Amino acid sequence: MDEENKTKHYGNLEDMFKASQFLPKFSKLHNKMKDAFNGLIEITKSFERQETEYKILIKTCLIDLFGLIEADIFYYNTIDNHPPQDEKIDFIEKMKLTFDQIATTFGKEKIVNEYFRTQMQLVRKLRKKRNNQVHPKEVEHLYNPTKRDLNDIIFCFKKYDQLINGIMNNFFFSTNIPSSFFLNR
């Protein structure tokens, strides 16, 4: 990695091409999910006076927030996979491993460390609510969302969005192309 330029260097052209094919897909998916999430937040706010719909929409916002984060983790791991590649890692641990790997590779340690230092308590709290809602084991797991929950989801999303924007600023790939690549054409 070139620290000065925050560049991920691939040892061969094939790996770099593979990674560069995922970046537009990553960006397109992230932006579509982000736009949909922002739209869902606005719709949810407009239903504040309809209690049943409002609570259902808050739960949907919570689920969609983690859908966005999970999609980002998938693509970051495609671009620069962290060891180990065990799919059975706890979500929070996988998130930490993934973002630590990206931070190290692209020189974003300060941004990522600050996010994990200040935001992970809220991420864990919301993830637990999301897990209980999606995979309830007891009636008590089906929580009764409040405006405070919606505000927490919005705050968590804004901080996560700042993290992603910080990481993607000056995000580069490089590789060495042997002269034979051009000569044999």
# chains A, B, ... in the order shown; residues from 1 in each chain; ligands from 1
>>> residues_around(residues="Glu114 in chain A", least_positions_apart="4", cutoff="12 Å", atoms="only C-alpha atoms", output="ChimeraX atom specification")
/A:99-100,103,108-110,118-120,159-160,162-163,166
>>> residues_around(residues="Leu23 in chain A", least_positions_apart="6", cutoff="10 Å", atoms="only C-alpha atoms", output="PyMOL selection string")
chain A and resi 29+75-76+78-79
>>> write_last_selection(atoms="N, CA and C atoms", output="mmCIF file, in the first residue's frame")
data_model
loop_
_atom_site.group_PDB
_atom_site.id
_atom_site.type_symbol
_atom_site.label_atom_id
_atom_site.label_comp_id
_atom_site.auth_asym_id
_atom_site.auth_seq_id
_atom_site.Cartn_x
_atom_site.Cartn_y
_atom_site.Cartn_z
ATOM 1 N N LEU A 29 -25.127 0.281 -5.492
ATOM 2 C CA LEU A 29 -25.978 -0.347 -4.475
ATOM 3 C C LEU A 29 -26.062 0.520 -3.226
ATOM 4 N N TYR A 75 -19.192 -5.678 0.133
ATOM 5 C CA TYR A 75 -18.354 -5.111 -0.925
ATOM 6 C C TYR A 75 -16.970 -4.722 -0.432
ATOM 7 N N TYR A 76 -16.855 -4.194 0.766
ATOM 8 C CA TYR A 76 -15.516 -3.895 1.288
ATOM 9 C C TYR A 76 -14.686 -5.175 1.381
ATOM 10 N N THR A 78 -15.020 -7.734 -0.522
ATOM 11 C CA THR A 78 -14.705 -8.131 -1.888
ATOM 12 C C THR A 78 -13.495 -7.360 -2.401
ATOM 13 N N ILE A 79 -13.419 -6.096 -2.052
ATOM 14 C CA ILE A 79 -12.323 -5.230 -2.493
ATOM 15 C C ILE A 79 -11.033 -5.520 -1.732
#
>>> atom_distance(atom1="CA of Lys129 in chain A", atom2="CA of Pro145 in chain A")
9.5 Å
>>> closest_atom_pairs(of="range 129-176 of chain A", to="range 55-69 of chain A", cutoff="10 Å", atoms="only C-alpha atoms", output="Markdown table")
| residue | atom | partner | partner_atom | distance |
| --- | --- | --- | --- | --- |
| A:Lys129 | CA | A:Leu62 | CA | 8.2 |
| A:Arg130 | CA | A:Ile63 | CA | 6.0 |
| A:Asn131 | CA | A:Ile63 | CA | 8.7 |
| A:Gln133 | CA | A:Lys59 | CA | 7.8 |
| A:Val134 | CA | A:Ile63 | CA | 7.9 |
| A:Leu142 | CA | A:Lys59 | CA | 9.9 |
| A:Tyr143 | CA | A:Lys59 | CA | 8.9 |
| A:Asn144 | CA | A:Lys55 | CA | 7.1 |
| A:Pro145 | CA | A:Lys55 | CA | 5.6 |
| A:Thr146 | CA | A:Lys55 | CA | 7.1 |
| A:Lys147 | CA | A:Ile58 | CA | 8.3 |
| A:Asp149 | CA | A:Ile58 | CA | 7.5 |
| A:Leu150 | CA | A:Ile58 | CA | 5.9 |
| A:Asn151 | CA | A:Ile58 | CA | 9.7 |
| A:Asp152 | CA | A:Leu62 | CA | 9.5 |
| A:Ile153 | CA | A:Leu62 | CA | 6.4 |
| A:Ile154 | CA | A:Cys61 | CA | 8.8 |
| A:Cys156 | CA | A:Leu65 | CA | 8.6 |
| A:Phe157 | CA | A:Leu65 | CA | 6.9 |
| A:Tyr160 | CA | A:Ile69 | CA | 8.4 |
| A:Asp161 | CA | A:Ile69 | CA | 9.7 |
| A:Ile164 | CA | A:Ile69 | CA | 9.8 |
>>> atom_distance(atom1="CA of Asn170 in chain A", atom2="CA of Phe26 in chain A")
16.0 Å
